[in-house]
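Asks: Hey, dropping model.tsv in here, TSV, C-alpha atoms and all ligand atoms:
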```
chain	number	residue	atom	x	y	z
A	1	MET	CA	-67.28	83.09	33.57
A	2	LYS	CA	-67.42	86.36	31.65
A	3	THR	CA	-68.65	85.84	28.08
A	4	LEU	CA	-67.41	88.27	25.46
A	5	ILE	CA	-70.05	89.21	22.86
A	6	LEU	CA	-68.41	89.86	19.50
A	7	HIS	CA	-70.31	91.74	16.77
A	8	THR	CA	-69.78	91.46	13.02
A	9	GLU	CA	-72.32	93.88	11.53
A	10	ASN	CA	-69.81	96.18	9.84
A	11	ASN	CA	-66.60	95.13	8.09
A	12	ASN	CA	-64.10	96.80	10.42
A	13	GLU	CA	-65.77	95.39	13.52
A	14	LYS	CA	-66.02	91.99	11.81
A	15	GLU	CA	-62.26	91.66	11.23
A	16	ILE	CA	-61.46	92.60	14.83
A	17	SER	CA	-64.12	90.28	16.26
A	18	ILE	CA	-63.02	87.26	14.22
A	19	GLN	CA	-59.38	87.88	15.18
A	20	LYS	CA	-60.34	88.09	18.89
A	21	ALA	CA	-62.33	84.86	18.59
A	22	ALA	CA	-59.42	83.11	16.84
A	23	ASN	CA	-57.04	84.26	19.59
A	24	ILE	CA	-59.35	82.80	22.25
A	25	LEU	CA	-59.38	79.46	20.38
A	26	LYS	CA	-55.57	79.54	20.17
A	27	GLU	CA	-55.38	80.06	23.94
A	28	GLY	CA	-57.53	76.96	24.50
A	29	GLY	CA	-60.83	78.77	25.04
A	30	ILE	CA	-64.30	77.99	23.63
A	31	VAL	CA	-66.19	80.25	21.23
A	32	ALA	CA	-69.70	80.02	19.72
A	33	PHE	CA	-69.84	81.02	16.06
A	34	PRO	CA	-72.35	81.05	13.19
A	35	THR	CA	-72.41	78.45	10.42
A	36	GLU	CA	-74.92	77.91	7.61
A	37	THR	CA	-76.56	75.00	9.50
A	38	VAL	CA	-76.80	76.08	13.17
A	39	TYR	CA	-74.47	77.97	15.53
A	40	GLY	CA	-71.52	75.87	16.66
A	41	LEU	CA	-69.54	75.87	19.91
A	42	GLY	CA	-65.91	75.57	18.86
A	43	ALA	CA	-62.57	74.60	20.39
A	44	ASN	CA	-59.18	73.54	19.02
A	45	ALA	CA	-59.77	69.94	17.84
A	46	LEU	CA	-56.17	69.04	18.74
A	47	ASN	CA	-56.39	70.30	22.34
A	48	GLU	CA	-57.96	67.84	24.79
A	49	GLU	CA	-58.32	70.36	27.64
A	50	ALA	CA	-60.14	72.82	25.35
A	51	ILE	CA	-62.53	70.10	24.12
A	52	LYS	CA	-63.40	69.13	27.71
A	53	LYS	CA	-64.75	72.67	28.19
A	54	ILE	CA	-67.27	72.14	25.36
A	55	TYR	CA	-68.75	69.04	26.99
A	56	ILE	CA	-69.02	70.87	30.32
A	57	ALA	CA	-70.58	74.07	28.90
A	58	LYS	CA	-73.23	72.12	26.96
A	59	GLY	CA	-73.83	69.42	29.56
A	60	ARG	CA	-73.15	67.02	26.68
A	61	PRO	CA	-72.82	63.29	27.45
A	62	SER	CA	-69.17	62.30	26.97
A	63	ASP	CA	-70.05	59.42	24.61
A	64	ASN	CA	-71.49	61.78	21.96
A	65	PRO	CA	-68.66	62.64	19.51
A	66	LEU	CA	-68.07	66.06	17.94
A	67	ILE	CA	-67.86	67.17	14.31
A	68	VAL	CA	-64.51	68.68	13.32
A	69	HIS	CA	-64.69	71.76	11.06
A	70	ILE	CA	-62.06	72.72	8.51
A	71	SER	CA	-61.66	75.82	6.33
A	72	ASP	CA	-59.37	74.36	3.68
A	73	ILE	CA	-59.19	70.88	2.17
A	74	ASN	CA	-55.49	70.64	3.11
A	75	MET	CA	-56.45	70.82	6.79
A	76	ILE	CA	-57.94	67.33	6.46
A	77	HIS	CA	-54.41	65.91	6.55
A	78	THR	CA	-54.13	67.02	10.19
A	79	ILE	CA	-57.08	64.72	10.96
A	80	THR	CA	-56.77	61.62	8.79
A	81	GLU	CA	-54.13	59.76	6.77
A	82	TYR	CA	-56.56	58.75	4.09
A	83	ILE	CA	-59.37	60.20	1.98
A	84	PRO	CA	-61.36	57.28	0.49
A	85	PRO	CA	-61.63	57.81	-3.30
A	86	LYS	CA	-65.43	57.61	-3.03
A	87	TYR	CA	-65.38	60.85	-1.04
A	88	ASP	CA	-63.94	62.90	-3.91
A	89	ALA	CA	-67.27	63.39	-5.69
A	90	LEU	CA	-69.02	64.30	-2.44
A	91	ILE	CA	-66.36	66.79	-1.39
A	92	LYS	CA	-66.48	68.36	-4.84
A	93	ALA	CA	-70.28	68.56	-4.86
A	94	PHE	CA	-71.02	69.59	-1.27
A	95	TRP	CA	-68.03	71.27	0.44
A	96	PRO	CA	-68.22	73.86	1.72
A	97	GLY	CA	-71.71	72.85	2.82
A	98	PRO	CA	-73.93	70.90	5.22
A	99	LEU	CA	-72.45	67.43	4.62
A	100	THR	CA	-70.36	65.71	7.31
A	101	LEU	CA	-68.21	62.74	6.24
A	102	ILE	CA	-66.78	60.00	8.46
A	103	PHE	CA	-63.01	59.35	8.18
A	104	LYS	CA	-60.53	57.04	9.95
A	105	LYS	CA	-58.89	59.28	12.55
A	106	ASN	CA	-55.16	59.69	13.15
A	107	ASP	CA	-53.34	60.02	16.51
A	108	LYS	CA	-53.37	63.81	16.57
A	109	ILE	CA	-57.11	63.89	17.23
A	110	PRO	CA	-57.67	63.24	20.94
A	111	ASP	CA	-60.10	60.43	21.85
A	112	ILE	CA	-62.36	62.91	23.63
A	113	VAL	CA	-63.29	64.48	20.25
A	114	THR	CA	-64.53	61.16	18.86
A	115	ALA	CA	-65.82	59.73	22.16
A	116	GLY	CA	-63.34	56.89	21.80
A	117	LEU	CA	-64.32	55.91	18.23
A	118	ASP	CA	-61.52	55.28	15.72
A	119	THR	CA	-63.40	57.42	13.19
A	120	VAL	CA	-63.87	61.18	13.05
A	121	ALA	CA	-66.67	63.28	11.55
A	122	VAL	CA	-65.51	66.22	9.40
A	123	ARG	CA	-67.09	69.02	7.40
A	124	MET	CA	-66.31	72.38	5.82
A	125	PRO	CA	-68.99	74.96	6.73
A	126	ASP	CA	-70.43	77.28	4.08
A	127	ASN	CA	-70.30	80.49	6.09
A	128	ALA	CA	-67.73	83.26	5.56
A	129	ILE	CA	-67.36	84.07	9.29
A	130	ALA	CA	-66.88	80.40	10.22
A	131	LEU	CA	-64.32	79.85	7.45
A	132	GLU	CA	-62.35	82.95	8.38
A	133	LEU	CA	-62.37	82.03	12.07
A	134	ILE	CA	-61.00	78.53	11.39
A	135	ASN	CA	-58.50	79.92	8.90
A	136	LYS	CA	-57.23	82.54	11.38
A	137	ALA	CA	-57.03	79.92	14.15
A	138	GLY	CA	-54.93	77.74	11.82
A	139	PHE	CA	-56.18	74.38	13.15
A	140	PRO	CA	-59.34	72.26	12.77
A	141	VAL	CA	-62.13	73.34	15.11
A	142	ALA	CA	-64.34	70.75	16.82
A	143	ALA	CA	-67.82	72.16	17.22
A	144	PRO	CA	-71.15	70.64	18.26
A	145	SER	CA	-74.27	72.80	18.13
A	146	ALA	CA	-74.07	75.77	20.53
A	147	ASN	CA	-77.06	74.86	22.71
A	148	ILE	CA	-77.53	73.24	26.09
A	149	SER	CA	-77.74	69.50	25.36
A	150	GLY	CA	-81.28	68.33	24.69
A	151	LYS	CA	-82.63	71.74	23.60
A	152	PRO	CA	-83.38	72.72	19.99
A	153	SER	CA	-80.20	73.80	18.19
A	154	PRO	CA	-79.57	77.58	17.92
A	155	THR	CA	-80.25	79.24	14.57
A	156	LYS	CA	-80.04	82.85	15.84
A	157	GLY	CA	-77.48	84.63	17.99
A	158	GLU	CA	-80.18	85.27	20.62
A	159	HIS	CA	-80.64	81.48	21.07
A	160	VAL	CA	-76.93	81.07	21.84
A	161	ILE	CA	-77.02	83.97	24.31
A	162	GLN	CA	-80.06	82.38	26.05
A	163	ASP	CA	-78.26	79.04	26.45
A	164	LEU	CA	-74.55	79.80	26.88
A	165	MET	CA	-74.11	83.29	28.38
A	166	GLY	CA	-71.66	82.92	31.28
A	167	LYS	CA	-70.66	79.40	30.19
A	168	VAL	CA	-68.33	80.12	27.23
A	169	ASP	CA	-65.43	82.53	26.57
A	170	ALA	CA	-67.07	84.31	23.64
A	171	ILE	CA	-70.09	84.38	21.33
A	172	LEU	CA	-69.34	85.55	17.79
A	173	LEU	CA	-72.59	86.89	16.36
A	174	GLY	CA	-73.57	86.65	12.69
A	175	GLU	CA	-76.69	86.45	10.57
A	176	ASP	CA	-79.39	83.85	11.20
A	177	CYS	CA	-78.31	80.41	9.98
A	178	LYS	CA	-79.56	80.03	6.40
A	179	VAL	CA	-80.17	76.25	6.39
A	180	GLY	CA	-81.49	76.06	9.96
A	181	LEU	CA	-80.93	72.29	10.50
A	182	GLU	CA	-77.67	70.48	11.20
A	183	SER	CA	-75.50	68.79	8.58
A	184	THR	CA	-76.19	65.38	7.08
A	185	VAL	CA	-73.78	62.84	8.62
A	186	LEU	CA	-72.79	60.25	6.00
A	187	ASP	CA	-70.71	57.10	6.51
A	188	LEU	CA	-69.06	55.53	3.47
A	189	LEU	CA	-66.44	53.58	5.42
A	190	SER	CA	-68.54	50.63	6.51
A	191	GLY	CA	-70.08	48.98	3.44
A	192	GLN	CA	-73.18	50.57	1.93
A	193	PRO	CA	-73.32	54.38	2.15
A	194	THR	CA	-75.40	55.16	5.23
A	195	ILE	CA	-76.94	58.37	6.51
A	196	LEU	CA	-76.27	58.45	10.26
A	197	ARG	CA	-78.17	61.72	10.64
A	198	PRO	CA	-80.28	63.38	7.92
A	199	GLY	CA	-79.62	67.09	7.45
A	200	GLY	CA	-78.95	69.97	5.09
A	201	VAL	CA	-77.93	67.81	2.09
A	202	SER	CA	-80.74	65.48	0.98
A	203	LYS	CA	-80.41	61.73	0.50
A	204	GLU	CA	-81.52	62.18	-3.13
A	205	ALA	CA	-78.72	64.72	-3.81
A	206	ILE	CA	-76.11	62.35	-2.30
A	207	GLU	CA	-77.38	59.41	-4.39
A	208	LYS	CA	-77.13	61.56	-7.51
A	209	ALA	CA	-73.55	62.59	-6.70
A	210	ILE	CA	-72.24	59.06	-6.05
A	211	GLY	CA	-74.57	57.08	-8.34
A	212	GLU	CA	-75.38	54.64	-5.52
A	213	LYS	CA	-78.32	53.92	-3.20
A	214	VAL	CA	-77.93	55.35	0.28
A	215	LEU	CA	-79.29	53.69	3.43
A	216	ASP	CA	-81.18	55.69	6.00
A	217	ASN	CA	-82.98	54.63	9.13
A	218	SER	CA	-83.45	58.02	10.71
A	219	LEU	CA	-87.22	58.04	11.23
A	220	HIS	CA	-87.29	54.87	13.27
A	221	ASN	CA	-86.66	54.55	16.95
A	222	VAL	CA	-82.98	53.84	17.44
A	223	GLY	CA	-81.83	50.26	17.78
A	224	ASP	CA	-78.54	49.04	19.26
A	225	LYS	CA	-76.85	48.94	15.85
A	226	GLN	CA	-77.50	52.61	15.20
A	227	ILE	CA	-76.38	53.58	18.68
A	228	ALA	CA	-73.08	51.86	18.02
A	229	SER	CA	-72.51	53.65	14.69
A	230	SER	CA	-73.68	57.16	15.70
A	231	PRO	CA	-73.80	57.55	19.46
A	232	GLY	CA	-75.48	60.98	19.39
A	233	MET	CA	-78.69	59.58	17.92
A	234	LYS	CA	-79.88	57.92	21.13
A	235	TYR	CA	-80.28	61.08	23.21
A	236	THR	CA	-83.44	63.15	23.72
A	237	HIS	CA	-83.03	66.10	21.47
A	238	TYR	CA	-84.66	69.29	20.23
A	239	ALA	CA	-87.20	69.06	23.03
A	240	PRO	CA	-89.37	72.01	24.11
A	241	LYS	CA	-90.31	72.15	27.82
A	242	VAL	CA	-93.72	70.52	27.27
A	243	PRO	CA	-94.59	67.24	25.49
A	244	VAL	CA	-95.10	67.18	21.70
A	245	ILE	CA	-97.40	64.85	19.71
A	246	VAL	CA	-96.85	64.61	15.93
A	247	PHE	CA	-99.79	63.86	13.61
A	248	ILE	CA	-99.01	61.84	10.49
A	249	GLY	CA	-101.41	61.27	7.60
A	250	SER	CA	-103.14	63.18	4.80
A	251	LEU	CA	-103.36	66.94	5.25
A	252	ASP	CA	-107.15	66.84	5.82
A	253	ASN	CA	-106.88	64.03	8.39
A	254	MET	CA	-104.01	65.80	10.13
A	255	ILE	CA	-105.96	69.05	10.50
A	256	HIS	CA	-109.04	67.18	11.73
A	257	GLY	CA	-106.94	65.04	14.11
A	258	ILE	CA	-105.28	68.09	15.64
A	259	GLN	CA	-108.60	69.95	16.00
A	260	THR	CA	-110.15	66.92	17.75
A	261	MET	CA	-107.17	66.30	20.03
A	262	LYS	CA	-107.13	70.01	20.97
A	263	GLU	CA	-110.78	69.77	22.13
A	264	ILE	CA	-110.04	66.60	24.12
A	265	LYS	CA	-106.97	68.11	25.80
A	266	GLU	CA	-108.80	71.36	26.60
A	267	LYS	CA	-111.63	69.38	28.23
A	268	GLU	CA	-108.92	67.80	30.42
A	269	GLY	CA	-107.95	71.37	31.42
A	270	LEU	CA	-104.73	71.49	29.36
A	271	ARG	CA	-103.58	74.48	27.29
A	272	VAL	CA	-102.59	73.54	23.75
A	273	GLY	CA	-100.01	74.96	21.32
A	274	ILE	CA	-100.14	74.05	17.61
A	275	LEU	CA	-97.25	73.81	15.16
A	276	ALA	CA	-98.87	74.60	11.82
A	277	THR	CA	-97.96	75.98	8.39
A	278	GLU	CA	-98.94	78.98	6.25
A	279	GLU	CA	-101.38	76.73	4.37
A	280	THR	CA	-103.11	75.34	7.49
A	281	LYS	CA	-102.87	77.91	10.31
A	282	ALA	CA	-106.33	79.36	9.56
A	283	PHE	CA	-107.94	76.01	10.48
A	284	TYR	CA	-106.94	76.32	14.15
A	285	SER	CA	-107.53	78.71	17.03
A	286	GLY	CA	-105.48	79.59	20.09
A	287	CYS	CA	-101.68	79.44	20.39
A	288	ILE	CA	-100.53	78.75	16.81
A	289	TYR	CA	-97.05	79.04	15.31
A	290	SER	CA	-96.51	78.68	11.57
A	291	VAL	CA	-93.13	77.14	10.65
A	292	GLY	CA	-93.33	78.27	7.02
A	293	SER	CA	-94.83	77.11	3.76
A	294	ARG	CA	-95.34	73.51	2.64
A	295	GLU	CA	-94.66	74.76	-0.89
A	296	LYS	CA	-91.19	75.97	0.19
A	297	ILE	CA	-89.90	73.26	2.50
A	298	GLU	CA	-86.62	75.16	3.11
A	299	THR	CA	-88.63	77.84	4.96
A	300	VAL	CA	-89.79	75.10	7.37
A	301	ALA	CA	-86.19	73.92	7.90
A	302	GLY	CA	-85.14	77.53	8.48
A	303	SER	CA	-87.61	78.30	11.26
A	304	LEU	CA	-88.33	74.92	12.92
A	305	PHE	CA	-85.85	75.29	15.80
A	306	HIS	CA	-86.88	78.93	16.39
A	307	VAL	CA	-90.54	77.89	16.60
A	308	LEU	CA	-89.76	74.97	18.96
A	309	ARG	CA	-87.89	77.44	21.20
A	310	SER	CA	-90.73	80.02	20.94
A	311	PHE	CA	-93.22	77.54	22.46
A	312	ASP	CA	-91.15	77.67	25.67
A	313	LYS	CA	-92.29	81.28	26.17
A	314	GLU	CA	-95.98	80.35	25.91
A	315	ASP	CA	-98.29	79.33	28.71
A	316	ILE	CA	-99.08	75.87	27.32
A	317	ASP	CA	-99.05	72.26	28.55
A	318	ILE	CA	-98.75	70.34	25.26
A	319	ILE	CA	-97.83	70.92	21.60
A	320	LEU	CA	-99.67	69.26	18.70
A	321	SER	CA	-97.55	69.26	15.56
A	322	GLU	CA	-98.24	68.75	11.90
A	323	SER	CA	-95.90	66.55	9.86
A	324	PHE	CA	-94.19	66.90	6.48
A	325	THR	CA	-93.12	64.96	3.42
A	326	THR	CA	-90.03	62.81	4.00
A	327	GLU	CA	-88.62	63.69	0.57
A	328	GLY	CA	-85.64	66.03	0.14
A	329	MET	CA	-85.11	68.28	3.17
A	330	GLY	CA	-88.36	66.86	4.58
A	331	LEU	CA	-86.47	63.81	5.91
A	332	ALA	CA	-84.30	65.96	8.19
A	333	ILE	CA	-87.30	68.06	9.23
A	334	MET	CA	-89.33	64.97	10.17
A	335	ASN	CA	-86.34	63.44	12.00
A	336	ARG	CA	-86.07	66.57	14.19
A	337	ILE	CA	-89.86	66.86	14.79
A	338	ILE	CA	-90.20	63.17	15.73
A	339	LYS	CA	-87.22	63.42	18.09
A	340	SER	CA	-88.60	66.61	19.66
A	341	ALA	CA	-91.73	64.55	20.37
A	342	GLY	CA	-89.72	61.67	21.86
A	343	TYR	CA	-91.27	59.46	19.10
A	344	GLN	CA	-94.88	60.23	20.19
A	345	VAL	CA	-96.55	59.91	16.80
A	346	MET	CA	-100.26	59.65	16.01
A	347	ASP	CA	-101.12	58.08	12.65
A	348	VAL	CA	-104.40	59.62	11.44
A	349	GLY	CA	-104.41	57.76	8.11
A	350	GLY	CA	-104.59	58.74	4.46
A	351	GLU	CA	-101.91	59.41	1.88
A	352	THR	CA	-99.28	61.87	3.10
B	401	LIG	P1	-73.87	67.82	16.89
B	401	LIG	O1	-72.46	68.08	17.22
B	401	LIG	O2	-74.79	68.16	17.99
B	401	LIG	O3	-74.26	68.37	15.55
B	401	LIG	O4	-73.95	66.24	16.73
B	401	LIG	C1	-72.96	65.54	16.00
B	401	LIG	C2	-73.55	64.29	15.39
B	401	LIG	O5	-72.54	63.64	14.63
B	401	LIG	C3	-74.02	63.31	16.46
B	401	LIG	O6	-75.23	62.71	16.02
B	401	LIG	C4	-72.88	62.31	16.51
B	401	LIG	O7	-73.26	61.02	16.94
B	401	LIG	C5	-72.39	62.30	15.06
B	401	LIG	N1	-70.98	61.91	14.97
B	401	LIG	C6	-69.90	62.64	15.31
B	401	LIG	N2	-68.76	61.94	15.12
B	401	LIG	C7	-69.12	60.72	14.66
B	401	LIG	C8	-68.41	59.55	14.28
B	401	LIG	N3	-67.08	59.48	14.35
B	401	LIG	N4	-69.12	58.49	13.84
B	401	LIG	C9	-70.47	58.56	13.76
B	401	LIG	N5	-71.21	59.64	14.12
B	401	LIG	C10	-70.55	60.71	14.56
B	402	MG	MG	-76.48	69.14	18.63
```
As structure tokens, what does this structure read like?
Ligand code: AMP
Ligand code: MG

Replies:
Amino acid sequence: MKTLILHTENNNEKEISIQKAANILKEGGIVAFPTETVYGLGANALNEEAIKKIYIAKGRPSDNPLIVHISDINMIHTITEYIPPKYDALIKAFWPGPLTLIFKKNDKIPDIVTAGLDTVAVRMPDNAIALELINKAGFPVAAPSANISGKPSPTKGEHVIQDLMGKVDAILLGEDCKVGLESTVLDLLSGQPTILRPGGVSKEAIEKAIGEKVLDNSLHNVGDKQIASSPGMKYTHYAPKVPVIVFIGSLDNMIHGIQTMKEIKEKEGLRVGILATEETKAFYSGCIYSVGSREKIETVAGSLFHVLRSFDKEDIDIILSESFTTEGMGLAIMNRIIKSAGYQVMDVGGET
């Protein structure tokens, strides 16, 4: 398949590119586009044949439902009959933004979008190009992350080109994604508010907006109950080509643990990569990537997926990764790191 690359650097070019991308969506094609979280791979959410193409291009398991993106609150009526009153405060506080809410779906949304569930995940992205694209298309756009399934999500146009060139109709290029991690998926339909996937809006911010405690089980290995409520959580995700081990504990113990494990692995003849931070990178030698500053956790969110992808270009056999606080955005960061490691965690002790 020939993939059209659409640029948006200057205003004139931007208008034409977004219009071309919207036309492709209207014709039932699939287009990758930037959002504030990660790049998405979009298709008309009301067109079953178009949605099938997304699953094929990504190699996505068919039981992993998609998030539907809207550009205007009125578009929600195409998707659901009912907005639970509890959602009002959340929509007001976080849309447009990285919060996905679960609604009861109506008959217009094909089962393939929701993988057979009677609920549908919806959000309004906080990115001018994404909003204009959906607005010009005139229908809700279903869009998972624009990567090959299992790989780290794309936060730069170059990541999308690496993964999807020749597999999609067009790639609409924009700036690097400013949040860098996917949206928080929140379910308020089934009893206590529950985070199905931590992301760009923190648990603390949600609790403040609704004045209620929110459940979250995202750092534990998935059990059957969680699989049933959010099918996507059971799959290997965000994984670099080589194995990852995450070190959890106090900063001093973590640094010491990684230094020791590096020596052990090197004695076994393995080449080691280290995922460190601005504050700690000087303590290591060899192949080191800093994901940002512990003092500014949003810098870590912003570059985590890029760093995980960068390790694939290195001649290494294993990655040893530091860990982070689980407060605020740290929860989503730790969820992604632990999943990239396939839950291989080493507890080195001490207060985190
Ligand atoms: P991605 O499209 O890669 O950002 O992944 C979408 C995430 O949203 C996956 O973890 C899905 O399991 C989750 N999701 C989508 N729709 C639903 C739904 N109706 N109920 C629960 N989780 C959903
Ligand atoms: Mg994804």

Asks: Residues within 9 Å of ligand LIG 401 (chain B) (only C-alpha atoms and all ligand atoms), as a compact mmCIF listing (two decimals) with C-alpha atoms, in the coordinates of the input?

Replies:
```txt
# COMPACT_ATOMS: atom_id res chain seq x y z
CA VAL A 38 -76.80 76.08 13.17
CA GLY A 40 -71.52 75.87 16.66
CA LEU A 41 -69.54 75.87 19.91
CA ARG A 60 -73.15 67.02 26.68
CA ASP A 63 -70.05 59.42 24.61
CA ASN A 64 -71.49 61.78 21.96
CA PRO A 65 -68.66 62.64 19.51
CA LEU A 66 -68.07 66.06 17.94
CA ILE A 67 -67.86 67.17 14.31
CA VAL A 68 -64.51 68.68 13.32
CA THR A 100 -70.36 65.71 7.31
CA LEU A 101 -68.21 62.74 6.24
CA ILE A 102 -66.78 60.00 8.46
CA PHE A 103 -63.01 59.35 8.18
CA LYS A 104 -60.53 57.04 9.95
CA LYS A 105 -58.89 59.28 12.55
CA VAL A 113 -63.29 64.48 20.25
CA THR A 114 -64.53 61.16 18.86
CA ALA A 115 -65.82 59.73 22.16
CA GLY A 116 -63.34 56.89 21.80
CA LEU A 117 -64.32 55.91 18.23
CA ASP A 118 -61.52 55.28 15.72
CA THR A 119 -63.40 57.42 13.19
CA VAL A 120 -63.87 61.18 13.05
CA ALA A 121 -66.67 63.28 11.55
CA VAL A 122 -65.51 66.22 9.40
CA ALA A 142 -64.34 70.75 16.82
CA ALA A 143 -67.82 72.16 17.22
CA PRO A 144 -71.15 70.64 18.26
CA SER A 145 -74.27 72.80 18.13
CA ALA A 146 -74.07 75.77 20.53
CA ASN A 147 -77.06 74.86 22.71
CA SER A 149 -77.74 69.50 25.36
CA SER A 153 -80.20 73.80 18.19
CA GLU A 182 -77.67 70.48 11.20
CA SER A 183 -75.50 68.79 8.58
CA THR A 184 -76.19 65.38 7.08
CA VAL A 185 -73.78 62.84 8.62
CA LEU A 186 -72.79 60.25 6.00
CA ASP A 187 -70.71 57.10 6.51
CA LEU A 196 -76.27 58.45 10.26
CA ARG A 197 -78.17 61.72 10.64
CA ILE A 227 -76.38 53.58 18.68
CA ALA A 228 -73.08 51.86 18.02
CA SER A 229 -72.51 53.65 14.69
CA SER A 230 -73.68 57.16 15.70
CA PRO A 231 -73.80 57.55 19.46
CA GLY A 232 -75.48 60.98 19.39
CA MET A 233 -78.69 59.58 17.92
CA LYS A 234 -79.88 57.92 21.13
CA TYR A 235 -80.28 61.08 23.21
```

Asks: Might you pull out every residue within 7 Å of segment 214-216 of chain A, with all atoms listed in the file counted and same-chain residues fewer than 2 positions away left off, and present them as a PDB file with C-alpha atoms, keeping the file's coordinate frame?

Replies:
```pdb
ATOM      1  CA  GLN A 192     -73.180  50.570   1.930  1.00  0.00           C
ATOM      2  CA  PRO A 193     -73.320  54.380   2.150  1.00  0.00           C
ATOM      3  CA  THR A 194     -75.400  55.160   5.230  1.00  0.00           C
ATOM      4  CA  ILE A 195     -76.940  58.370   6.510  1.00  0.00           C
ATOM      5  CA  LYS A 203     -80.410  61.730   0.500  1.00  0.00           C
ATOM      6  CA  GLU A 207     -77.380  59.410  -4.390  1.00  0.00           C
ATOM      7  CA  GLU A 212     -75.380  54.640  -5.520  1.00  0.00           C
ATOM      8  CA  SER A 218     -83.450  58.020  10.710  1.00  0.00           C
TER       9      SER A 218
END
```

Asks: With all atoms listed in the file as the counted atoms, please give the residues lying no more than 10 Å from Glu279 of chain A, apart from itself and same-chain residues fewer than 5 positions off, as a list of chain:residue names.

Replies: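 Once the adjacent positions are removed, what remains is A:Ser290, A:Gly292, A:Ser293, A:Arg294, A:Glu295.
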
Asks: Would you save the residues of that selection, restricted to C-alpha atoms, as a compact mmCIF listing (two decimals), keeping the file's coordinate frame?

Replies:
```txt
# COMPACT_ATOMS: atom_id res chain seq x y z
CA SER A 290 -96.51 78.68 11.57
CA GLY A 292 -93.33 78.27 7.02
CA SER A 293 -94.83 77.11 3.76
CA ARG A 294 -95.34 73.51 2.64
CA GLU A 295 -94.66 74.76 -0.89
```

Asks: Which of these residues is nearest to Leu172 of chain A, using only C-alpha atoms: A:Pro61, A:Ala130, A:Met261, A:Thr325?

Replies: A:Ala130

Asks: Any chance you could work out the axis-aligned box around segment 301-311 of chain A, listed atoms only, 4 Å on each side, giving centre and edge lengths in Å to one decimal, as JSON?

Replies:
```
{"center_x": -89.2, "center_y": 77.0, "center_z": 15.2, "size_x": 16.1, "size_y": 14.1, "size_z": 22.6}
```

Asks: Atom CA of Phe33 of chain A and atom CA of Val168 of chain A are how many Å apart?

Replies: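 Calculated distance between atom CA of Phe33 of chain A and atom CA of Val168 of chain A is 11.3 Å.
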
Asks: Between A:Ile148, A:Met75, A:Ala43, A:Val246, which is the closest to ligand MG 402 (chain B) once you count only C-alpha atoms and all ligand atoms?

Replies: A:Ile148
